[in-house]
Amino acid sequence: MKKLLHIIATPRGEASRTLKVSGVFLAELRKKYPGCTVDTINVSTETLPPLTVKRIDGKFALLMGGDLEGEAARAWKDIITHIERFLAAETYLISTPMWNFGIPYALKHYIDVVVQPKYLFRYSENGPEGLLKNKKMVVITSRGGDYGPDSPARTYDLQEPYLRAVFGFVGITDITFINAQPMDALGPEVERKAIAQAQEAARRLAETW
Ligand SMILES: Cc1cc2nc3c(=O)[nH]c(=O)nc-3n(C[C@H](O)[C@H](O)[C@H](O)COP(=O)(O)O)c2cc1C
């Protein structure tokens, strides 16, 4: 494992429960692969390019099999920079809280920036085809409530199915989730235990990575 892109979608820095778990994963991974490079992008604090009409025009040109020209090409410079940074990684770590049963808007914005035709997927005679091969992803989440398999709230978890769908669409099908939950609903003692449990799962996952 040479290069990992860490995509952070919480603005809470040191206070973040999600990052307490991903910190353990990264620390173990660095022990295992001392030479690995970790590129970190915090999508909630970085200014991402807005999807303006010119940029969307460019997307449709690519969808139709054309090229980026003129103003669309100029407008796409920032998008291409993000796509190249994304494609340079062989492994991805997403650290994201649950927000309103899904992902924070900044992570959705990032996905809308990088998931582009010609670069991450294409339409072929057989339908859509993901262009990413041999890439793996870990998603570490934390949630205020509990959406585990035995919880009555499990159907409200639109976060894991969405991330599996969108990254599966571009070819990343090897995705492991570690969900720290519940963080808020049952008080600090349950929160502490749930973080410790998730950290242990992160440690074990890094060992077998
Ligand atoms: C805007 C916002 C929306 C949230 N929506 C949900 C939600 O739908 N379900 C839930 O269980 N927790 C929700 N939470 C709670 C967070 O998921 C939880 O506190 C999480 O641990 C925060 O992660 P962090 O400490 O890494 O920032 C929300 C928090 C915020 C700030």
# chains A, B, ... in the order shown; residues from 1 in each chain; ligands from 1
>>> residues_around(residues="Thr141 (chain A)", least_positions_apart="5", cutoff="6 Å", atoms="only C-alpha atoms", output="PDB file with C-alpha atoms, in the first residue's frame")
ATOM      1  CA  THR A  18     -15.122  10.008  13.774  1.00  0.00           C
ATOM      2  CA  SER A  95     -14.074   9.822   7.770  1.00  0.00           C
ATOM      3  CA  THR A  96     -17.611  11.078   7.943  1.00  0.00           C
ATOM      4  CA  PRO A  97     -20.313  11.685  10.523  1.00  0.00           C
ATOM      5  CA  ASN A 179     -19.582   2.733  12.320  1.00  0.00           C
TER       6      ASN A 179
END
>>> closest_atom_pairs(of="region 106-150 of chain A", to="region 30-48 of chain A", cutoff="10 Å", atoms="only C-alpha atoms", output="Markdown table")
| residue | atom | partner | partner_atom | distance |
| --- | --- | --- | --- | --- |
| A:Ala106 | CA | A:Ser44 | CA | 5.3 |
| A:Leu107 | CA | A:Val43 | CA | 6.2 |
| A:Lys108 | CA | A:Val43 | CA | 9.4 |
| A:His109 | CA | A:Leu48 | CA | 7.5 |
| A:Tyr110 | CA | A:Val43 | CA | 6.7 |
| A:Ile111 | CA | A:Val43 | CA | 10.0 |
| A:Val113 | CA | A:Leu48 | CA | 7.9 |
>>> write_last_selection(atoms="C-alpha atoms", output="tab-separated table (two decimals), in the first residue's frame")
chain	number	residue	atom	x	y	z
A	106	ALA	CA	-19.58	18.94	1.77
A	107	LEU	CA	-18.89	15.26	1.09
A	108	LYS	CA	-21.73	15.17	-1.43
A	109	HIS	CA	-20.23	18.25	-3.07
A	110	TYR	CA	-16.84	16.49	-3.29
A	111	ILE	CA	-18.46	13.40	-4.82
A	113	VAL	CA	-16.86	17.14	-8.25
>>> residues_around(residues="Gln116 (chain A)", least_positions_apart="2", cutoff="10 Å", atoms="only C-alpha atoms", output="VMD selection string")
chain A and resid 58 to 60 62 to 63 79 to 80 83 111 to 114 118 to 122 170
>>> write_last_selection(atoms="N, CA and C atoms", output="PDB file, in the first residue's frame")
ATOM      1  N   GLY A  58     -19.619  21.035 -19.407  1.00  0.00           N
ATOM      2  CA  GLY A  58     -18.450  20.179 -19.650  1.00  0.00           C
ATOM      3  C   GLY A  58     -18.767  18.723 -19.334  1.00  0.00           C
ATOM      4  N   LYS A  59     -19.472  18.522 -18.230  1.00  0.00           N
ATOM      5  CA  LYS A  59     -19.831  17.142 -17.844  1.00  0.00           C
ATOM      6  C   LYS A  59     -20.692  16.479 -18.924  1.00  0.00           C
ATOM      7  N   PHE A  60     -21.669  17.228 -19.447  1.00  0.00           N
ATOM      8  CA  PHE A  60     -22.530  16.644 -20.478  1.00  0.00           C
ATOM      9  C   PHE A  60     -21.760  16.388 -21.774  1.00  0.00           C
ATOM     10  N   LEU A  62     -18.671  15.464 -21.945  1.00  0.00           N
ATOM     11  CA  LEU A  62     -17.937  14.210 -21.706  1.00  0.00           C
ATOM     12  C   LEU A  62     -18.879  13.003 -21.721  1.00  0.00           C
ATOM     13  N   LEU A  63     -20.088  13.205 -21.164  1.00  0.00           N
ATOM     14  CA  LEU A  63     -21.064  12.097 -21.144  1.00  0.00           C
ATOM     15  C   LEU A  63     -21.425  11.653 -22.558  1.00  0.00           C
ATOM     16  N   ILE A  79     -11.683  21.090 -11.380  1.00  0.00           N
ATOM     17  CA  ILE A  79     -12.280  19.755 -11.258  1.00  0.00           C
ATOM     18  C   ILE A  79     -11.234  18.695 -11.594  1.00  0.00           C
ATOM     19  N   ILE A  80     -10.474  18.941 -12.661  1.00  0.00           N
ATOM     20  CA  ILE A  80      -9.443  17.976 -13.074  1.00  0.00           C
ATOM     21  C   ILE A  80      -8.398  17.811 -11.963  1.00  0.00           C
ATOM     22  N   ILE A  83      -9.880  15.506  -9.509  1.00  0.00           N
ATOM     23  CA  ILE A  83      -9.973  14.140 -10.053  1.00  0.00           C
ATOM     24  C   ILE A  83      -8.586  13.485 -10.030  1.00  0.00           C
ATOM     25  N   ILE A 111     -18.109  14.518  -3.926  1.00  0.00           N
ATOM     26  CA  ILE A 111     -18.464  13.399  -4.816  1.00  0.00           C
ATOM     27  C   ILE A 111     -18.953  13.953  -6.161  1.00  0.00           C
ATOM     28  N   ASP A 112     -19.759  15.016  -6.121  1.00  0.00           N
ATOM     29  CA  ASP A 112     -20.243  15.603  -7.372  1.00  0.00           C
ATOM     30  C   ASP A 112     -19.095  16.189  -8.203  1.00  0.00           C
ATOM     31  N   VAL A 113     -18.021  16.592  -7.535  1.00  0.00           N
ATOM     32  CA  VAL A 113     -16.860  17.138  -8.252  1.00  0.00           C
ATOM     33  C   VAL A 113     -16.055  16.012  -8.913  1.00  0.00           C
ATOM     34  N   VAL A 114     -15.797  14.930  -8.177  1.00  0.00           N
ATOM     35  CA  VAL A 114     -14.855  13.934  -8.721  1.00  0.00           C
ATOM     36  C   VAL A 114     -15.496  12.800  -9.526  1.00  0.00           C
ATOM     37  N   LYS A 118     -15.733   9.731 -18.269  1.00  0.00           N
ATOM     38  CA  LYS A 118     -14.418   9.632 -18.907  1.00  0.00           C
ATOM     39  C   LYS A 118     -13.306   9.349 -17.895  1.00  0.00           C
ATOM     40  N   TYR A 119     -13.422   9.904 -16.683  1.00  0.00           N
ATOM     41  CA  TYR A 119     -12.370   9.739 -15.684  1.00  0.00           C
ATOM     42  C   TYR A 119     -12.688   8.605 -14.694  1.00  0.00           C
ATOM     43  N   LEU A 120     -13.915   8.596 -14.177  1.00  0.00           N
ATOM     44  CA  LEU A 120     -14.260   7.581 -13.163  1.00  0.00           C
ATOM     45  C   LEU A 120     -15.269   6.550 -13.685  1.00  0.00           C
ATOM     46  N   PHE A 121     -16.027   6.931 -14.715  1.00  0.00           N
ATOM     47  CA  PHE A 121     -16.961   5.960 -15.307  1.00  0.00           C
ATOM     48  C   PHE A 121     -17.207   6.330 -16.758  1.00  0.00           C
ATOM     49  N   ARG A 122     -17.765   5.385 -17.489  1.00  0.00           N
ATOM     50  CA  ARG A 122     -18.179   5.699 -18.861  1.00  0.00           C
ATOM     51  C   ARG A 122     -19.414   4.885 -19.191  1.00  0.00           C
ATOM     52  N   VAL A 170     -18.401   3.541  -9.660  1.00  0.00           N
ATOM     53  CA  VAL A 170     -17.138   3.894 -10.342  1.00  0.00           C
ATOM     54  C   VAL A 170     -16.099   2.771 -10.236  1.00  0.00           C
TER      55      VAL A 170
END
>>> closest_atom_pairs(of="chain A", to="ligand 1", cutoff="10 Å", atoms="only C-alpha atoms and all ligand atoms", output="Markdown table")
| residue | atom | partner | partner_atom_place_in_ligand_line | distance |
| --- | --- | --- | --- | --- |
| A:Ile8 | CA | ligand 1 | 26 (O) | 9.1 |
| A:Ala9 | CA | ligand 1 | 26 (O) | 8.1 |
| A:Thr10 | CA | ligand 1 | 27 (O) | 4.9 |
| A:Pro11 | CA | ligand 1 | 27 (O) | 6.7 |
| A:Arg12 | CA | ligand 1 | 27 (O) | 5.2 |
| A:Gly13 | CA | ligand 1 | 27 (O) | 7.8 |
| A:Glu14 | CA | ligand 1 | 25 (O) | 8.7 |
| A:Ala15 | CA | ligand 1 | 25 (O) | 6.0 |
| A:Ser16 | CA | ligand 1 | 25 (O) | 3.4 |
| A:Arg17 | CA | ligand 1 | 25 (O) | 3.9 |
| A:Thr18 | CA | ligand 1 | 26 (O) | 3.8 |
| A:Leu19 | CA | ligand 1 | 26 (O) | 5.8 |
| A:Lys20 | CA | ligand 1 | 26 (O) | 7.9 |
| A:Val21 | CA | ligand 1 | 26 (O) | 9.1 |
| A:Ser22 | CA | ligand 1 | 26 (O) | 9.8 |
| A:Ser95 | CA | ligand 1 | 26 (O) | 7.6 |
| A:Thr96 | CA | ligand 1 | 26 (O) | 6.4 |
| A:Pro97 | CA | ligand 1 | 23 (O) | 4.2 |
| A:Met98 | CA | ligand 1 | 17 (O) | 4.0 |
| A:Trp99 | CA | ligand 1 | 5 (N) | 3.4 |
| A:Asn100 | CA | ligand 1 | 8 (O) | 3.0 |
| A:Phe101 | CA | ligand 1 | 8 (O) | 3.8 |
| A:Gly102 | CA | ligand 1 | 8 (O) | 6.7 |
| A:Ile103 | CA | ligand 1 | 5 (N) | 8.7 |
| A:Pro104 | CA | ligand 1 | 1 (C) | 7.3 |
| A:Tyr105 | CA | ligand 1 | 1 (C) | 9.3 |
| A:Ile140 | CA | ligand 1 | 26 (O) | 9.5 |
| A:Thr141 | CA | ligand 1 | 26 (O) | 7.5 |
| A:Ser142 | CA | ligand 1 | 21 (O) | 4.3 |
| A:Arg143 | CA | ligand 1 | 17 (O) | 3.6 |
| A:Gly144 | CA | ligand 1 | 12 (N) | 3.5 |
| A:Gly145 | CA | ligand 1 | 11 (O) | 3.7 |
| A:Asp146 | CA | ligand 1 | 11 (O) | 6.4 |
| A:Tyr147 | CA | ligand 1 | 11 (O) | 7.6 |
| A:Ala153 | CA | ligand 1 | 11 (O) | 9.2 |
| A:Tyr156 | CA | ligand 1 | 8 (O) | 8.2 |
| A:Asp157 | CA | ligand 1 | 9 (N) | 8.2 |
| A:Leu158 | CA | ligand 1 | 8 (O) | 9.3 |
| A:Gln159 | CA | ligand 1 | 8 (O) | 9.4 |
| A:Asn179 | CA | ligand 1 | 21 (O) | 9.7 |
| A:Ala180 | CA | ligand 1 | 21 (O) | 7.5 |
| A:Gln181 | CA | ligand 1 | 21 (O) | 7.5 |
| A:Pro182 | CA | ligand 1 | 11 (O) | 7.0 |
| A:Met183 | CA | ligand 1 | 21 (O) | 5.1 |
| A:Asp184 | CA | ligand 1 | 19 (O) | 5.9 |
| A:Ala185 | CA | ligand 1 | 11 (O) | 7.8 |
| A:Glu191 | CA | ligand 1 | 21 (O) | 9.0 |
| A:Ile195 | CA | ligand 1 | 21 (O) | 9.6 |
>>> write_last_selection(atoms="N, CA and C atoms", output="tab-separated table (two decimals), in the first residue's frame")
chain	number	residue	atom	x	y	z
A	8	ILE	N	-11.84	13.72	4.70
A	8	ILE	CA	-12.49	14.03	5.99
A	8	ILE	C	-13.71	14.90	5.72
A	9	ALA	N	-14.83	14.53	6.34
A	9	ALA	CA	-16.06	15.30	6.12
A	9	ALA	C	-16.65	15.81	7.43
A	10	THR	N	-15.80	16.04	8.41
A	10	THR	CA	-16.28	16.72	9.62
A	10	THR	C	-15.42	17.96	9.84
A	11	PRO	N	-16.04	19.08	10.20
A	11	PRO	CA	-15.24	20.28	10.45
A	11	PRO	C	-14.76	20.35	11.90
A	12	ARG	N	-15.00	19.29	12.72
A	12	ARG	CA	-14.85	19.44	14.17
A	12	ARG	C	-13.46	19.14	14.72
A	13	GLY	N	-12.54	18.81	13.85
A	13	GLY	CA	-11.14	18.63	14.26
A	13	GLY	C	-10.98	17.73	15.47
A	14	GLU	N	-10.28	18.24	16.48
A	14	GLU	CA	-9.96	17.44	17.68
A	14	GLU	C	-11.21	16.92	18.40
A	15	ALA	N	-12.32	17.63	18.26
A	15	ALA	CA	-13.54	17.21	18.97
A	15	ALA	C	-14.25	16.06	18.26
A	16	SER	N	-13.81	15.75	17.05
A	16	SER	CA	-14.53	14.77	16.23
A	16	SER	C	-14.38	13.34	16.76
A	17	ARG	N	-15.52	12.67	16.95
A	17	ARG	CA	-15.51	11.27	17.35
A	17	ARG	C	-15.08	10.39	16.18
A	18	THR	N	-15.51	10.78	14.97
A	18	THR	CA	-15.12	10.01	13.77
A	18	THR	C	-13.61	9.95	13.65
A	19	LEU	N	-12.96	11.10	13.85
A	19	LEU	CA	-11.50	11.16	13.68
A	19	LEU	C	-10.75	10.42	14.79
A	20	LYS	N	-11.41	10.24	15.93
A	20	LYS	CA	-10.77	9.44	17.00
A	20	LYS	C	-10.63	7.99	16.54
A	21	VAL	N	-11.57	7.55	15.74
A	21	VAL	CA	-11.51	6.17	15.24
A	21	VAL	C	-10.56	6.09	14.04
A	22	SER	N	-10.67	7.04	13.11
A	22	SER	CA	-9.78	6.95	11.94
A	22	SER	C	-8.33	7.19	12.32
A	95	SER	N	-13.67	9.62	6.37
A	95	SER	CA	-14.07	9.82	7.77
A	95	SER	C	-15.26	10.77	7.76
A	96	THR	N	-16.42	10.22	8.06
A	96	THR	CA	-17.61	11.08	7.94
A	96	THR	C	-18.64	10.82	9.04
A	97	PRO	N	-19.16	11.88	9.64
A	97	PRO	CA	-20.31	11.69	10.52
A	97	PRO	C	-21.57	11.45	9.69
A	98	MET	N	-22.62	10.96	10.35
A	98	MET	CA	-23.94	10.94	9.69
A	98	MET	C	-24.59	12.29	9.91
A	99	TRP	N	-25.08	12.87	8.85
A	99	TRP	CA	-25.86	14.11	8.96
A	99	TRP	C	-27.21	13.87	8.31
A	100	ASN	N	-28.24	14.04	9.07
A	100	ASN	CA	-29.60	13.84	8.57
A	100	ASN	C	-29.72	12.56	7.75
A	101	PHE	N	-29.28	11.49	8.37
A	101	PHE	CA	-29.38	10.12	7.86
A	101	PHE	C	-28.48	9.83	6.66
A	102	GLY	N	-27.76	10.82	6.22
A	102	GLY	CA	-26.88	10.60	5.07
A	102	GLY	C	-25.50	11.19	5.34
A	103	ILE	N	-24.89	11.71	4.27
A	103	ILE	CA	-23.55	12.29	4.41
A	103	ILE	C	-23.65	13.81	4.50
A	104	PRO	N	-22.67	14.47	5.13
A	104	PRO	CA	-22.66	15.94	5.14
A	104	PRO	C	-22.61	16.49	3.71
A	105	TYR	N	-23.22	17.67	3.53
A	105	TYR	CA	-23.31	18.23	2.16
A	105	TYR	C	-21.94	18.44	1.53
A	140	ILE	N	-15.12	5.24	7.73
A	140	ILE	CA	-15.32	5.29	9.18
A	140	ILE	C	-16.34	6.39	9.45
A	141	THR	N	-17.43	5.97	10.10
A	141	THR	CA	-18.50	6.93	10.37
A	141	THR	C	-18.74	7.00	11.87
A	142	SER	N	-19.34	8.10	12.31
A	142	SER	CA	-19.95	8.09	13.64
A	142	SER	C	-21.33	8.72	13.52
A	143	ARG	N	-22.18	8.21	14.37
A	143	ARG	CA	-23.60	8.60	14.31
A	143	ARG	C	-24.11	8.88	15.71
A	144	GLY	N	-25.00	9.86	15.81
A	144	GLY	CA	-25.60	10.17	17.11
A	144	GLY	C	-26.43	9.03	17.64
A	145	GLY	N	-27.18	8.37	16.75
A	145	GLY	CA	-28.03	7.23	17.12
A	145	GLY	C	-27.37	5.93	16.70
A	146	ASP	N	-28.13	4.84	16.83
A	146	ASP	CA	-27.62	3.52	16.47
A	146	ASP	C	-28.44	2.97	15.30
A	147	TYR	N	-27.75	2.66	14.23
A	147	TYR	CA	-28.42	2.18	13.01
A	147	TYR	C	-27.94	0.76	12.67
A	153	ALA	N	-33.95	1.52	13.87
A	153	ALA	CA	-33.65	2.69	13.02
A	153	ALA	C	-32.81	2.33	11.80
A	156	TYR	N	-33.17	3.82	8.38
A	156	TYR	CA	-32.89	5.25	8.21
A	156	TYR	C	-31.43	5.51	7.82
A	157	ASP	N	-30.62	4.45	7.84
A	157	ASP	CA	-29.22	4.63	7.45
A	157	ASP	C	-29.14	4.71	5.93
A	158	LEU	N	-29.14	5.95	5.43
A	158	LEU	CA	-29.02	6.16	3.98
A	158	LEU	C	-27.57	6.47	3.62
A	159	GLN	N	-26.72	6.47	4.64
A	159	GLN	CA	-25.32	6.84	4.45
A	159	GLN	C	-24.53	5.67	3.83
A	179	ASN	N	-18.65	1.70	11.87
A	179	ASN	CA	-19.58	2.73	12.32
A	179	ASN	C	-19.55	2.85	13.84
A	180	ALA	N	-19.13	4.00	14.34
A	180	ALA	CA	-19.16	4.23	15.80
A	180	ALA	C	-20.53	4.80	16.15
A	181	GLN	N	-21.29	4.02	16.95
A	181	GLN	CA	-22.67	4.41	17.24
A	181	GLN	C	-23.17	3.70	18.49
A	182	PRO	N	-24.02	4.31	19.30
A	182	PRO	CA	-24.55	5.67	19.21
A	182	PRO	C	-23.64	6.65	19.97
A	183	MET	N	-23.41	7.80	19.38
A	183	MET	CA	-22.53	8.80	19.99
A	183	MET	C	-23.27	9.75	20.92
A	184	ASP	N	-24.55	10.00	20.63
A	184	ASP	CA	-25.26	11.05	21.37
A	184	ASP	C	-26.48	10.53	22.14
A	185	ALA	N	-27.11	9.47	21.59
A	185	ALA	CA	-28.45	9.11	22.08
A	185	ALA	C	-28.47	8.53	23.48
A	191	GLU	N	-21.27	6.12	24.73
A	191	GLU	CA	-20.44	6.74	23.67
A	191	GLU	C	-18.99	6.25	23.79
A	195	ILE	N	-16.95	4.10	21.01
A	195	ILE	CA	-15.72	4.57	20.35
A	195	ILE	C	-14.62	3.53	20.52
>>> atom_distance(atom1="CA of Gly168 (chain A)", atom2="CA of Ser124 (chain A)")
16.5 Å
>>> select_by_dssp(residues="region 12-187 of chain A", states="strand (DSSP E)", output="PyMOL selection string")
chain A and resi 37-42+91-97+121-124+127-130+136-142+174-180
>>> select_by_dssp(residues="region 38-98 of chain A", states="helix (DSSP H, G or I)", output="ChimeraX atom specification")
/A:53-63,70-75,77-87
>>> closest_residue(among="A:Ile172, A:Glu125, A:Lys54, A:Arg154", to="Met137 (chain A)", atoms="only C-alpha atoms")
A:Ile172
>>> atom_distance(atom1="CA of Ala27 (chain A)", atom2="CA of Ala206 (chain A)")
8.8 Å
>>> closest_residue(among="A:Ile178, A:Ala165, A:Ala73, A:Leu68", to="Arg203 (chain A)", atoms="only C-alpha atoms")
A:Ile178
>>> closest_residue(among="A:His82, A:Thr155, A:Ile56, A:Val166", to="Gly130 (chain A)", atoms="only C-alpha atoms")
A:Val166
>>> residues_around(residues="Ile175 (chain A)", least_positions_apart="2", cutoff="7 Å", atoms="only C-alpha atoms", output="list in words")
Lys136, Met137, Val138, Thr173 and Phe177 of chain A
>>> closest_residue(among="A:Met1, A:Ile7, A:Val115, A:Val24", to="Leu205 (chain A)", atoms="only C-alpha atoms")
A:Val24
>>> atom_distance(atom1="CA of Ser151 (chain A)", atom2="CA of Val190 (chain A)")
15.3 Å
>>> decode(residues="region 5-16 of chain A", atoms="N, CA and C atoms", output="mmCIF file, in the first residue's frame")
data_model
loop_
_atom_site.group_PDB
_atom_site.id
_atom_site.type_symbol
_atom_site.label_atom_id
_atom_site.label_comp_id
_atom_site.auth_asym_id
_atom_site.auth_seq_id
_atom_site.Cartn_x
_atom_site.Cartn_y
_atom_site.Cartn_z
ATOM 1 N N LEU A 5 -5.637 8.175 0.208
ATOM 2 C CA LEU A 5 -6.275 9.499 0.270
ATOM 3 C C LEU A 5 -7.279 9.475 1.423
ATOM 4 N N HIS A 6 -7.067 10.375 2.379
ATOM 5 C CA HIS A 6 -7.977 10.468 3.524
ATOM 6 C C HIS A 6 -8.927 11.638 3.286
ATOM 7 N N ILE A 7 -10.195 11.306 3.106
ATOM 8 C CA ILE A 7 -11.215 12.326 2.839
ATOM 9 C C ILE A 7 -11.987 12.540 4.142
ATOM 10 N N ILE A 8 -11.836 13.717 4.702
ATOM 11 C CA ILE A 8 -12.488 14.029 5.986
ATOM 12 C C ILE A 8 -13.710 14.898 5.716
ATOM 13 N N ALA A 9 -14.828 14.533 6.344
ATOM 14 C CA ALA A 9 -16.055 15.303 6.118
ATOM 15 C C ALA A 9 -16.651 15.812 7.425
ATOM 16 N N THR A 10 -15.802 16.042 8.410
ATOM 17 C CA THR A 10 -16.285 16.724 9.616
ATOM 18 C C THR A 10 -15.418 17.958 9.836
ATOM 19 N N PRO A 11 -16.036 19.076 10.200
ATOM 20 C CA PRO A 11 -15.239 20.283 10.448
ATOM 21 C C PRO A 11 -14.757 20.352 11.896
ATOM 22 N N ARG A 12 -15.001 19.290 12.717
ATOM 23 C CA ARG A 12 -14.851 19.438 14.173
ATOM 24 C C ARG A 12 -13.463 19.143 14.718
ATOM 25 N N GLY A 13 -12.537 18.811 13.853
ATOM 26 C CA GLY A 13 -11.140 18.627 14.261
ATOM 27 C C GLY A 13 -10.981 17.732 15.474
ATOM 28 N N GLU A 14 -10.279 18.241 16.478
ATOM 29 C CA GLU A 14 -9.962 17.445 17.683
ATOM 30 C C GLU A 14 -11.206 16.916 18.398
ATOM 31 N N ALA A 15 -12.319 17.632 18.264
ATOM 32 C CA ALA A 15 -13.543 17.215 18.972
ATOM 33 C C ALA A 15 -14.251 16.062 18.256
ATOM 34 N N SER A 16 -13.813 15.745 17.047
ATOM 35 C CA SER A 16 -14.533 14.766 16.233
ATOM 36 C C SER A 16 -14.383 13.339 16.756
#
